[in-house]
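S.K.: I am attaching a structure below and will ask some questions about it afterwards.
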Amino acid sequence: MRKSFAQVLREGNVDIRQEYRKLYSILHQEAFNHRTKSLYEVFGENFAHFYFRGTCLSIEEFDQKYGFNFEADPDDFDIDYLVSFCEYLQNMLFGLQAANFSGGYGGFASMEVNIPFILEQIRLVIEAIGYTSASDDGKTIFVEKSPVAIAVSESDLIPAELSYKVLEYDHYALKGDIEKKKHIILQLAQILEAKSKELQKISSSLKDDLFFLFNNLNLRHNNVDPSNKGKYKRIVSELDKGQLEHWYDETYQMCLLAFMELEQAERKKAFDEFKKQIVEG
């Protein structure tokens, strides 16, 4: 049986609560880096210049609006809590960095904060728990490190605007978000549709199974409305949200496999040509 991620962390001696406490103290402890004010106060003083503030006039309003209510010693604590805090702290640091080097504002606030050190500490924690970063439109998130997902996101088959989505699918914030997961799968399906003939030659069973899911799992078509004659699938309509999400996750994994198979086919062509040159040379 596959171990839970929490088990892996415990066996690897990663104390996620202790790592959280250290990062939390960096944000709120006044003595850190010989400052007379906390890092959170520095964020607050410069928040009006943060590029992601939207219409929020203060960091307090921003935190309240988006539910960023991190506690020093939270009762309901897990790895998602730690990851969320790391994302918050890193994006705030990027906001401070951008505000101070955008021109005409000076760099005095960044001089008060050892930004590289804190970013490095976040990176070390994220590495220790087996996560990696993904960035899009100035926003950074952390997702479980999946070599396959990373390889697919970097593939030439994937447009630049979709690379982030490939990694985002596994983000904790998407757990239970059926519609967003569905949207990502449909984007992958559109690319695979154009490669269906190649995929058929490589693995007809994978291609057939994958496109069966695209067409019958309430993805491309409305398969849950009894009035939709020819498309309605009773079994699919009776799936609860958790069951449907499970099969969406399986579909996503099969999409990744399909992209890896397509890449390997191209690699095999190049290898065969190289092999021929060696043999004939």
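To be explicit about the labels: the chains of the structure tokens are called A, B, and onward in the order shown, and within each one the residues are counted from 1, while ligands get numbers from 1 in the order they are shown.
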Extract, using only C-alpha atoms, all DNA, RNA and protein residues at most 7 Å from Leu27 (chain A), discarding same-chain residues fewer than 5 positions from it, and format them as a ChimeraX atom specification.
M.R.: /A:38-40
S.K.: Generate a file of the selected residues that holds N, CA and C atoms, formatted as a CSV table (one decimal), in the first residue's frame.
M.R.:
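Result went into again03.csv, see below:
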```csv
chain,number,residue,atom,x,y,z
A,38,SER,N,8.7,44.4,12.8
A,38,SER,CA,8.6,43.1,12.2
A,38,SER,C,8.5,43.1,10.7
A,39,LEU,N,8.8,42.0,10.1
A,39,LEU,CA,8.7,41.9,8.6
A,39,LEU,C,7.2,42.2,8.2
A,40,TYR,N,6.3,41.8,9.0
A,40,TYR,CA,4.9,42.0,8.7
A,40,TYR,C,4.6,43.5,8.6
```
S.K.: Residues near His246 (chain A), anyone? I mean within 12 Å using only C-alpha atoms, not counting same-chain ones fewer than 6 positions away, as a ChimeraX atom specification.
M.R.: /A:175-178,181-182,217,239-240,252-253
S.K.: If you keep N, CA and C atoms, can you produce a file of those selected residues as a tab-separated table (two decimals), in the first residue's frame?
M.R.:
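To be explicit, this is the file written out as again_18.tsv:
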```tsv
chain	number	residue	atom	x	y	z
A	175	LYS	N	-8.07	20.86	-4.56
A	175	LYS	CA	-8.75	19.69	-4.03
A	175	LYS	C	-10.23	20.02	-3.87
A	176	GLY	N	-11.07	19.25	-4.53
A	176	GLY	CA	-12.51	19.49	-4.47
A	176	GLY	C	-13.02	20.47	-5.49
A	177	ASP	N	-12.12	21.14	-6.21
A	177	ASP	CA	-12.55	22.11	-7.22
A	177	ASP	C	-12.74	21.39	-8.56
A	178	ILE	N	-13.87	20.73	-8.69
A	178	ILE	CA	-14.16	19.91	-9.87
A	178	ILE	C	-14.11	20.73	-11.16
A	181	LYS	N	-10.50	21.66	-12.23
A	181	LYS	CA	-9.81	20.46	-12.71
A	181	LYS	C	-10.34	20.06	-14.08
A	182	LYS	N	-11.64	20.15	-14.24
A	182	LYS	CA	-12.27	19.83	-15.52
A	182	LYS	C	-11.71	20.73	-16.62
A	217	LEU	N	-17.27	11.17	-19.24
A	217	LEU	CA	-17.09	11.51	-17.82
A	217	LEU	C	-17.54	12.93	-17.51
A	239	LEU	N	-22.38	9.29	-9.59
A	239	LEU	CA	-21.14	9.47	-8.85
A	239	LEU	C	-21.25	10.67	-7.92
A	240	ASP	N	-20.77	10.52	-6.68
A	240	ASP	CA	-20.74	11.70	-5.81
A	240	ASP	C	-19.51	12.54	-6.18
A	252	TYR	N	-6.40	12.84	-15.56
A	252	TYR	CA	-5.24	13.73	-15.61
A	252	TYR	C	-3.95	12.92	-15.68
A	253	GLN	N	-3.84	11.90	-14.83
A	253	GLN	CA	-2.63	11.06	-14.84
A	253	GLN	C	-2.45	10.36	-16.18
```
S.K.: Which residues are near Tyr232 (chain A)? Cut-off 12 Å, only C-alpha atoms, ignore same chain within fewer than 5 positions. Put them as a PyMOL selection string.
M.R.: chain A and resi 215-218+221-227+237-238
S.K.: For Thr36 (chain A), which of A:Arg53, A:Val113, A:Val279, A:Met254 is the closest residue, counting only C-alpha atoms?
M.R.: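 Using only C-alpha atoms, Thr36 (chain A) sits closest to A:Val113.
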S.K.: Using only C-alpha atoms, which of A:Ala149, A:Met92, A:Ala99, A:Leu124 sits nearest Val14 (chain A)?
M.R.: A:Leu124
S.K.: Name the closest residue to Leu89 (chain A) among the candidates A:Ile26, A:Leu206, A:Ala194, A:Ile150; distances are taken between atoms, counting only C-alpha atoms.
M.R.: A:Ile26
S.K.: Quick one: everything within 10 Å of Asn69 (chain A), counting only C-alpha atoms, minus sequence neighbours fewer than 4 positions away in the same chain. Send it as a PyMOL selection string.
M.R.: chain A and resi 60+63-64+85
S.K.: Among the residues of region 31-262 of chain A, find those DSSP assigns to strand (DSSP E) from the backbone and print them as a ChimeraX atom specification.
M.R.: /A:131-136,139-144
S.K.: Looking only at helix (DSSP H, G or I) from DSSP on the backbone, list the matching residues of region 83-198 of chain A as a PDB file with N, CA and C atoms, in the first residue's frame.
M.R.:
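Okay, this is what ended up in selection_2.pdb:
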```
ATOM      1  N   VAL A  83       2.325  24.950   3.487  1.00  0.00           N
ATOM      2  CA  VAL A  83       2.522  25.349   2.092  1.00  0.00           C
ATOM      3  C   VAL A  83       1.840  26.684   1.811  1.00  0.00           C
ATOM      4  N   SER A  84       0.625  26.856   2.329  1.00  0.00           N
ATOM      5  CA  SER A  84      -0.103  28.111   2.139  1.00  0.00           C
ATOM      6  C   SER A  84       0.671  29.284   2.741  1.00  0.00           C
ATOM      7  N   PHE A  85       1.249  29.067   3.922  1.00  0.00           N
ATOM      8  CA  PHE A  85       2.019  30.135   4.559  1.00  0.00           C
ATOM      9  C   PHE A  85       3.280  30.453   3.752  1.00  0.00           C
ATOM     10  N   CYS A  86       3.944  29.423   3.245  1.00  0.00           N
ATOM     11  CA  CYS A  86       5.137  29.641   2.416  1.00  0.00           C
ATOM     12  C   CYS A  86       4.791  30.450   1.171  1.00  0.00           C
ATOM     13  N   GLU A  87       3.656  30.137   0.560  1.00  0.00           N
ATOM     14  CA  GLU A  87       3.211  30.887  -0.619  1.00  0.00           C
ATOM     15  C   GLU A  87       2.941  32.342  -0.256  1.00  0.00           C
ATOM     16  N   TYR A  88       2.273  32.541   0.865  1.00  0.00           N
ATOM     17  CA  TYR A  88       1.953  33.899   1.325  1.00  0.00           C
ATOM     18  C   TYR A  88       3.236  34.698   1.546  1.00  0.00           C
ATOM     19  N   LEU A  89       4.168  34.111   2.299  1.00  0.00           N
ATOM     20  CA  LEU A  89       5.400  34.816   2.641  1.00  0.00           C
ATOM     21  C   LEU A  89       6.233  35.109   1.396  1.00  0.00           C
ATOM     22  N   GLN A  90       6.353  34.139   0.503  1.00  0.00           N
ATOM     23  CA  GLN A  90       7.168  34.348  -0.697  1.00  0.00           C
ATOM     24  C   GLN A  90       6.565  35.412  -1.606  1.00  0.00           C
ATOM     25  N   ASN A  91       5.265  35.370  -1.819  1.00  0.00           N
ATOM     26  CA  ASN A  91       4.633  36.359  -2.694  1.00  0.00           C
ATOM     27  C   ASN A  91       4.673  37.757  -2.083  1.00  0.00           C
ATOM     28  N   MET A  92       4.579  37.847  -0.768  1.00  0.00           N
ATOM     29  CA  MET A  92       4.722  39.144  -0.105  1.00  0.00           C
ATOM     30  C   MET A  92       6.141  39.687  -0.293  1.00  0.00           C
ATOM     31  N   LEU A  93       7.125  38.806  -0.189  1.00  0.00           N
ATOM     32  CA  LEU A  93       8.516  39.231  -0.405  1.00  0.00           C
ATOM     33  C   LEU A  93       8.728  39.710  -1.834  1.00  0.00           C
ATOM     34  N   PHE A  94       8.127  39.004  -2.783  1.00  0.00           N
ATOM     35  CA  PHE A  94       8.215  39.442  -4.180  1.00  0.00           C
ATOM     36  C   PHE A  94       7.529  40.791  -4.369  1.00  0.00           C
ATOM     37  N   GLY A  95       6.407  40.985  -3.674  1.00  0.00           N
ATOM     38  CA  GLY A  95       5.706  42.259  -3.745  1.00  0.00           C
ATOM     39  C   GLY A  95       6.553  43.392  -3.208  1.00  0.00           C
ATOM     40  N   LEU A  96       7.231  43.135  -2.084  1.00  0.00           N
ATOM     41  CA  LEU A  96       8.114  44.138  -1.488  1.00  0.00           C
ATOM     42  C   LEU A  96       9.286  44.437  -2.414  1.00  0.00           C
ATOM     43  N   GLN A  97       9.839  43.387  -2.979  1.00  0.00           N
ATOM     44  CA  GLN A  97      10.977  43.537  -3.887  1.00  0.00           C
ATOM     45  C   GLN A  97      10.604  44.371  -5.109  1.00  0.00           C
ATOM     46  N   ALA A  98       9.461  44.055  -5.700  1.00  0.00           N
ATOM     47  CA  ALA A  98       9.011  44.784  -6.893  1.00  0.00           C
ATOM     48  C   ALA A  98       8.696  46.237  -6.568  1.00  0.00           C
ATOM     49  N   ALA A  99       8.086  46.477  -5.411  1.00  0.00           N
ATOM     50  CA  ALA A  99       7.717  47.834  -5.018  1.00  0.00           C
ATOM     51  C   ALA A  99       8.940  48.716  -4.829  1.00  0.00           C
ATOM     52  N   ASN A 100      10.019  48.124  -4.334  1.00  0.00           N
ATOM     53  CA  ASN A 100      11.203  48.908  -4.025  1.00  0.00           C
ATOM     54  C   ASN A 100      12.146  49.092  -5.200  1.00  0.00           C
ATOM     55  N   PHE A 108      14.748  51.595   0.255  1.00  0.00           N
ATOM     56  CA  PHE A 108      15.014  51.590   1.685  1.00  0.00           C
ATOM     57  C   PHE A 108      14.337  50.443   2.402  1.00  0.00           C
ATOM     58  N   ALA A 109      13.138  50.050   1.975  1.00  0.00           N
ATOM     59  CA  ALA A 109      12.430  48.976   2.670  1.00  0.00           C
ATOM     60  C   ALA A 109      13.132  47.644   2.466  1.00  0.00           C
ATOM     61  N   SER A 110      13.593  47.389   1.244  1.00  0.00           N
ATOM     62  CA  SER A 110      14.262  46.118   0.976  1.00  0.00           C
ATOM     63  C   SER A 110      15.586  46.034   1.725  1.00  0.00           C
ATOM     64  N   MET A 111      16.205  47.191   1.992  1.00  0.00           N
ATOM     65  CA  MET A 111      17.451  47.187   2.738  1.00  0.00           C
ATOM     66  C   MET A 111      17.223  46.752   4.177  1.00  0.00           C
ATOM     67  N   GLU A 112      15.999  46.945   4.681  1.00  0.00           N
ATOM     68  CA  GLU A 112      15.675  46.527   6.040  1.00  0.00           C
ATOM     69  C   GLU A 112      15.459  45.023   6.136  1.00  0.00           C
ATOM     70  N   ILE A 115      15.967  39.794   2.012  1.00  0.00           N
ATOM     71  CA  ILE A 115      15.054  39.028   1.161  1.00  0.00           C
ATOM     72  C   ILE A 115      15.682  37.736   0.649  1.00  0.00           C
ATOM     73  N   PRO A 116      16.914  37.749   0.131  1.00  0.00           N
ATOM     74  CA  PRO A 116      17.501  36.497  -0.369  1.00  0.00           C
ATOM     75  C   PRO A 116      17.571  35.405   0.694  1.00  0.00           C
ATOM     76  N   PHE A 117      17.899  35.787   1.928  1.00  0.00           N
ATOM     77  CA  PHE A 117      17.995  34.797   3.003  1.00  0.00           C
ATOM     78  C   PHE A 117      16.644  34.149   3.277  1.00  0.00           C
ATOM     79  N   ILE A 118      15.595  34.968   3.352  1.00  0.00           N
ATOM     80  CA  ILE A 118      14.265  34.433   3.661  1.00  0.00           C
ATOM     81  C   ILE A 118      13.757  33.561   2.513  1.00  0.00           C
ATOM     82  N   LEU A 119      13.972  34.006   1.285  1.00  0.00           N
ATOM     83  CA  LEU A 119      13.569  33.201   0.129  1.00  0.00           C
ATOM     84  C   LEU A 119      14.306  31.865   0.115  1.00  0.00           C
ATOM     85  N   GLU A 120      15.569  31.884   0.504  1.00  0.00           N
ATOM     86  CA  GLU A 120      16.346  30.646   0.556  1.00  0.00           C
ATOM     87  C   GLU A 120      15.809  29.719   1.646  1.00  0.00           C
ATOM     88  N   GLN A 121      15.413  30.292   2.779  1.00  0.00           N
ATOM     89  CA  GLN A 121      14.837  29.481   3.855  1.00  0.00           C
ATOM     90  C   GLN A 121      13.538  28.821   3.398  1.00  0.00           C
ATOM     91  N   ILE A 122      12.712  29.582   2.699  1.00  0.00           N
ATOM     92  CA  ILE A 122      11.464  29.023   2.159  1.00  0.00           C
ATOM     93  C   ILE A 122      11.785  27.900   1.178  1.00  0.00           C
ATOM     94  N   ARG A 123      12.760  28.136   0.309  1.00  0.00           N
ATOM     95  CA  ARG A 123      13.131  27.122  -0.682  1.00  0.00           C
ATOM     96  C   ARG A 123      13.590  25.833  -0.009  1.00  0.00           C
ATOM     97  N   LEU A 124      14.374  25.956   1.051  1.00  0.00           N
ATOM     98  CA  LEU A 124      14.873  24.778   1.759  1.00  0.00           C
ATOM     99  C   LEU A 124      13.736  23.983   2.386  1.00  0.00           C
ATOM    100  N   VAL A 125      12.768  24.693   2.956  1.00  0.00           N
ATOM    101  CA  VAL A 125      11.611  24.020   3.555  1.00  0.00           C
ATOM    102  C   VAL A 125      10.800  23.309   2.479  1.00  0.00           C
ATOM    103  N   ILE A 126      10.548  24.013   1.378  1.00  0.00           N
ATOM    104  CA  ILE A 126       9.767  23.440   0.276  1.00  0.00           C
ATOM    105  C   ILE A 126      10.469  22.218  -0.308  1.00  0.00           C
ATOM    106  N   GLU A 127      11.787  22.301  -0.443  1.00  0.00           N
ATOM    107  CA  GLU A 127      12.562  21.158  -0.934  1.00  0.00           C
ATOM    108  C   GLU A 127      12.468  19.992   0.041  1.00  0.00           C
ATOM    109  N   ALA A 128      12.550  20.287   1.336  1.00  0.00           N
ATOM    110  CA  ALA A 128      12.546  19.242   2.359  1.00  0.00           C
ATOM    111  C   ALA A 128      11.246  18.455   2.382  1.00  0.00           C
ATOM    112  N   PRO A 147       7.944  14.298 -10.927  1.00  0.00           N
ATOM    113  CA  PRO A 147       8.829  14.340 -12.094  1.00  0.00           C
ATOM    114  C   PRO A 147       8.078  14.263 -13.417  1.00  0.00           C
ATOM    115  N   VAL A 148       7.003  13.473 -13.451  1.00  0.00           N
ATOM    116  CA  VAL A 148       6.237  13.331 -14.689  1.00  0.00           C
ATOM    117  C   VAL A 148       5.528  14.638 -15.029  1.00  0.00           C
ATOM    118  N   ALA A 149       4.843  15.232 -14.028  1.00  0.00           N
ATOM    119  CA  ALA A 149       4.130  16.490 -14.268  1.00  0.00           C
ATOM    120  C   ALA A 149       5.094  17.596 -14.680  1.00  0.00           C
ATOM    121  N   ILE A 150       6.257  17.633 -14.037  1.00  0.00           N
ATOM    122  CA  ILE A 150       7.256  18.646 -14.376  1.00  0.00           C
ATOM    123  C   ILE A 150       7.748  18.444 -15.805  1.00  0.00           C
ATOM    124  N   ALA A 151       8.024  17.180 -16.164  1.00  0.00           N
ATOM    125  CA  ALA A 151       8.502  16.881 -17.517  1.00  0.00           C
ATOM    126  C   ALA A 151       7.471  17.272 -18.568  1.00  0.00           C
ATOM    127  N   VAL A 152       6.197  16.979 -18.298  1.00  0.00           N
ATOM    128  CA  VAL A 152       5.141  17.325 -19.256  1.00  0.00           C
ATOM    129  C   VAL A 152       4.985  18.838 -19.355  1.00  0.00           C
ATOM    130  N   SER A 153       5.048  19.524 -18.216  1.00  0.00           N
ATOM    131  CA  SER A 153       4.888  20.986 -18.230  1.00  0.00           C
ATOM    132  C   SER A 153       5.981  21.661 -19.046  1.00  0.00           C
ATOM    133  N   ALA A 160       3.137  27.479 -23.656  1.00  0.00           N
ATOM    134  CA  ALA A 160       3.658  28.157 -22.466  1.00  0.00           C
ATOM    135  C   ALA A 160       2.557  28.524 -21.485  1.00  0.00           C
ATOM    136  N   GLU A 161       1.403  28.953 -22.007  1.00  0.00           N
ATOM    137  CA  GLU A 161       0.321  29.383 -21.116  1.00  0.00           C
ATOM    138  C   GLU A 161      -0.332  28.225 -20.369  1.00  0.00           C
ATOM    139  N   LEU A 162      -0.050  26.990 -20.793  1.00  0.00           N
ATOM    140  CA  LEU A 162      -0.642  25.823 -20.141  1.00  0.00           C
ATOM    141  C   LEU A 162       0.331  25.122 -19.199  1.00  0.00           C
ATOM    142  N   SER A 163       1.614  25.436 -19.296  1.00  0.00           N
ATOM    143  CA  SER A 163       2.625  24.779 -18.462  1.00  0.00           C
ATOM    144  C   SER A 163       2.304  24.910 -16.983  1.00  0.00           C
ATOM    145  N   TYR A 164       1.927  26.109 -16.581  1.00  0.00           N
ATOM    146  CA  TYR A 164       1.584  26.360 -15.177  1.00  0.00           C
ATOM    147  C   TYR A 164       0.390  25.519 -14.754  1.00  0.00           C
ATOM    148  N   LYS A 165      -0.611  25.389 -15.626  1.00  0.00           N
ATOM    149  CA  LYS A 165      -1.831  24.649 -15.303  1.00  0.00           C
ATOM    150  C   LYS A 165      -1.547  23.170 -15.068  1.00  0.00           C
ATOM    151  N   VAL A 166      -0.592  22.624 -15.828  1.00  0.00           N
ATOM    152  CA  VAL A 166      -0.232  21.214 -15.661  1.00  0.00           C
ATOM    153  C   VAL A 166       0.240  20.954 -14.234  1.00  0.00           C
ATOM    154  N   LEU A 167       1.027  21.875 -13.688  1.00  0.00           N
ATOM    155  CA  LEU A 167       1.506  21.739 -12.314  1.00  0.00           C
ATOM    156  C   LEU A 167       0.440  22.141 -11.305  1.00  0.00           C
ATOM    157  N   GLU A 168      -0.339  23.156 -11.643  1.00  0.00           N
ATOM    158  CA  GLU A 168      -1.352  23.658 -10.717  1.00  0.00           C
ATOM    159  C   GLU A 168      -2.396  22.596 -10.390  1.00  0.00           C
ATOM    160  N   TYR A 172      -2.896  22.023  -3.606  1.00  0.00           N
ATOM    161  CA  TYR A 172      -3.871  21.689  -2.560  1.00  0.00           C
ATOM    162  C   TYR A 172      -5.155  22.500  -2.685  1.00  0.00           C
ATOM    163  N   ALA A 173      -5.047  23.730  -3.207  1.00  0.00           N
ATOM    164  CA  ALA A 173      -6.228  24.593  -3.314  1.00  0.00           C
ATOM    165  C   ALA A 173      -7.231  24.065  -4.337  1.00  0.00           C
ATOM    166  N   LEU A 174      -6.792  23.159  -5.215  1.00  0.00           N
ATOM    167  CA  LEU A 174      -7.699  22.608  -6.223  1.00  0.00           C
ATOM    168  C   LEU A 174      -8.400  21.341  -5.753  1.00  0.00           C
ATOM    169  N   ILE A 178     -13.874  20.732  -8.691  1.00  0.00           N
ATOM    170  CA  ILE A 178     -14.162  19.913  -9.868  1.00  0.00           C
ATOM    171  C   ILE A 178     -14.105  20.729 -11.157  1.00  0.00           C
ATOM    172  N   GLU A 179     -14.677  21.915 -11.136  1.00  0.00           N
ATOM    173  CA  GLU A 179     -14.760  22.712 -12.359  1.00  0.00           C
ATOM    174  C   GLU A 179     -13.388  23.151 -12.857  1.00  0.00           C
ATOM    175  N   LYS A 180     -12.515  23.544 -11.948  1.00  0.00           N
ATOM    176  CA  LYS A 180     -11.190  23.984 -12.373  1.00  0.00           C
ATOM    177  C   LYS A 180     -10.374  22.806 -12.895  1.00  0.00           C
ATOM    178  N   LYS A 181     -10.504  21.658 -12.226  1.00  0.00           N
ATOM    179  CA  LYS A 181      -9.806  20.463 -12.705  1.00  0.00           C
ATOM    180  C   LYS A 181     -10.338  20.062 -14.084  1.00  0.00           C
ATOM    181  N   LYS A 182     -11.640  20.147 -14.235  1.00  0.00           N
ATOM    182  CA  LYS A 182     -12.267  19.825 -15.521  1.00  0.00           C
ATOM    183  C   LYS A 182     -11.714  20.726 -16.624  1.00  0.00           C
ATOM    184  N   HIS A 183     -11.574  22.007 -16.331  1.00  0.00           N
ATOM    185  CA  HIS A 183     -11.077  22.972 -17.320  1.00  0.00           C
ATOM    186  C   HIS A 183      -9.660  22.618 -17.760  1.00  0.00           C
ATOM    187  N   ILE A 184      -8.808  22.218 -16.810  1.00  0.00           N
ATOM    188  CA  ILE A 184      -7.430  21.858 -17.148  1.00  0.00           C
ATOM    189  C   ILE A 184      -7.403  20.602 -18.014  1.00  0.00           C
ATOM    190  N   ILE A 185      -8.214  19.601 -17.635  1.00  0.00           N
ATOM    191  CA  ILE A 185      -8.265  18.359 -18.415  1.00  0.00           C
ATOM    192  C   ILE A 185      -8.724  18.633 -19.842  1.00  0.00           C
ATOM    193  N   LEU A 186      -9.716  19.501 -19.994  1.00  0.00           N
ATOM    194  CA  LEU A 186     -10.219  19.819 -21.332  1.00  0.00           C
ATOM    195  C   LEU A 186      -9.154  20.501 -22.188  1.00  0.00           C
ATOM    196  N   GLN A 187      -8.323  21.321 -21.563  1.00  0.00           N
ATOM    197  CA  GLN A 187      -7.230  21.951 -22.307  1.00  0.00           C
ATOM    198  C   GLN A 187      -6.215  20.904 -22.773  1.00  0.00           C
ATOM    199  N   LEU A 188      -5.937  19.928 -21.907  1.00  0.00           N
ATOM    200  CA  LEU A 188      -5.028  18.847 -22.289  1.00  0.00           C
ATOM    201  C   LEU A 188      -5.655  17.975 -23.374  1.00  0.00           C
ATOM    202  N   ALA A 189      -6.962  17.739 -23.246  1.00  0.00           N
ATOM    203  CA  ALA A 189      -7.677  16.918 -24.233  1.00  0.00           C
ATOM    204  C   ALA A 189      -7.630  17.551 -25.620  1.00  0.00           C
ATOM    205  N   GLN A 190      -7.709  18.866 -25.658  1.00  0.00           N
ATOM    206  CA  GLN A 190      -7.674  19.571 -26.942  1.00  0.00           C
ATOM    207  C   GLN A 190      -6.342  19.342 -27.658  1.00  0.00           C
ATOM    208  N   ILE A 191      -5.255  19.350 -26.897  1.00  0.00           N
ATOM    209  CA  ILE A 191      -3.938  19.103 -27.496  1.00  0.00           C
ATOM    210  C   ILE A 191      -3.820  17.651 -27.947  1.00  0.00           C
ATOM    211  N   LEU A 192      -4.304  16.740 -27.098  1.00  0.00           N
ATOM    212  CA  LEU A 192      -4.208  15.319 -27.428  1.00  0.00           C
ATOM    213  C   LEU A 192      -5.093  14.948 -28.611  1.00  0.00           C
ATOM    214  N   GLU A 193      -6.184  15.680 -28.797  1.00  0.00           N
ATOM    215  CA  GLU A 193      -7.059  15.440 -29.948  1.00  0.00           C
ATOM    216  C   GLU A 193      -6.277  15.603 -31.251  1.00  0.00           C
ATOM    217  N   ALA A 194      -5.437  16.618 -31.280  1.00  0.00           N
ATOM    218  CA  ALA A 194      -4.636  16.868 -32.486  1.00  0.00           C
ATOM    219  C   ALA A 194      -3.544  15.819 -32.675  1.00  0.00           C
ATOM    220  N   SER A 196      -4.108  12.528 -31.811  1.00  0.00           N
ATOM    221  CA  SER A 196      -4.789  11.241 -31.612  1.00  0.00           C
ATOM    222  C   SER A 196      -4.267  10.141 -32.537  1.00  0.00           C
ATOM    223  N   LYS A 197      -3.956  10.478 -33.786  1.00  0.00           N
ATOM    224  CA  LYS A 197      -3.462   9.466 -34.729  1.00  0.00           C
ATOM    225  C   LYS A 197      -2.102   8.929 -34.290  1.00  0.00           C
ATOM    226  N   GLU A 198      -1.220   9.847 -33.862  1.00  0.00           N
ATOM    227  CA  GLU A 198       0.089   9.413 -33.373  1.00  0.00           C
ATOM    228  C   GLU A 198      -0.058   8.547 -32.126  1.00  0.00           C
TER     229      GLU A 198
END
```
S.K.: Would you write out, as CSV, a table of all residues in region 116-207 of chain A that have an atom no more than 12 Å from an atom of region 264-277 of chain A, listing for each the closest atom pair and the distance in Å to one decimal, considering only C-alpha atoms and ordering rows by chain and rising residue number?
M.R.:
```
residue,atom,partner,partner_atom,distance
A:Ala151,CA,A:Gln264,CA,11.8
A:Val152,CA,A:Gln264,CA,11.6
A:Ser155,CA,A:Gln264,CA,11.2
A:Asp156,CA,A:Glu266,CA,11.1
A:Leu157,CA,A:Glu266,CA,11.1
A:Lys195,CA,A:Ala265,CA,11.9
A:Glu198,CA,A:Ala265,CA,8.8
A:Leu199,CA,A:Ala265,CA,9.2
A:Gln200,CA,A:Ala265,CA,11.8
A:Lys201,CA,A:Ala265,CA,9.8
A:Ile202,CA,A:Ala265,CA,7.4
A:Ser203,CA,A:Ala265,CA,10.6
```
S.K.: Neighbouring residues of Thr251 (chain A) were defined as those with any atom within 9 Å, considering only C-alpha atoms; residues of the same chain fewer than 3 positions away were excluded. Please report them as a PDB file with C-alpha atoms, in the first residue's frame.
M.R.:
```
ATOM      1  CA  ILE A 185      -8.265  18.359 -18.415  1.00  0.00           C
ATOM      2  CA  LEU A 210      -8.429   8.253 -22.559  1.00  0.00           C
ATOM      3  CA  LEU A 213     -13.122   9.250 -20.463  1.00  0.00           C
ATOM      4  CA  PHE A 214     -13.098  12.553 -22.341  1.00  0.00           C
ATOM      5  CA  HIS A 246     -11.106  10.599  -8.306  1.00  0.00           C
ATOM      6  CA  TRP A 247     -11.820   9.752 -11.930  1.00  0.00           C
ATOM      7  CA  TYR A 248     -10.845  13.255 -13.042  1.00  0.00           C
ATOM      8  CA  MET A 254      -3.485   9.260 -18.085  1.00  0.00           C
ATOM      9  CA  CYS A 255      -3.074  12.552 -19.955  1.00  0.00           C
ATOM     10  CA  LEU A 256       0.419  12.903 -18.504  1.00  0.00           C
TER      11      LEU A 256
END
```
S.K.: To one decimal in Å, tell me the separation between CA of Lys231 (chain A) and CA of Ser204 (chain A).
M.R.: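 Computing the Euclidean distance for CA of Lys231 (chain A) and CA of Ser204 (chain A) yields 23.2 Å.
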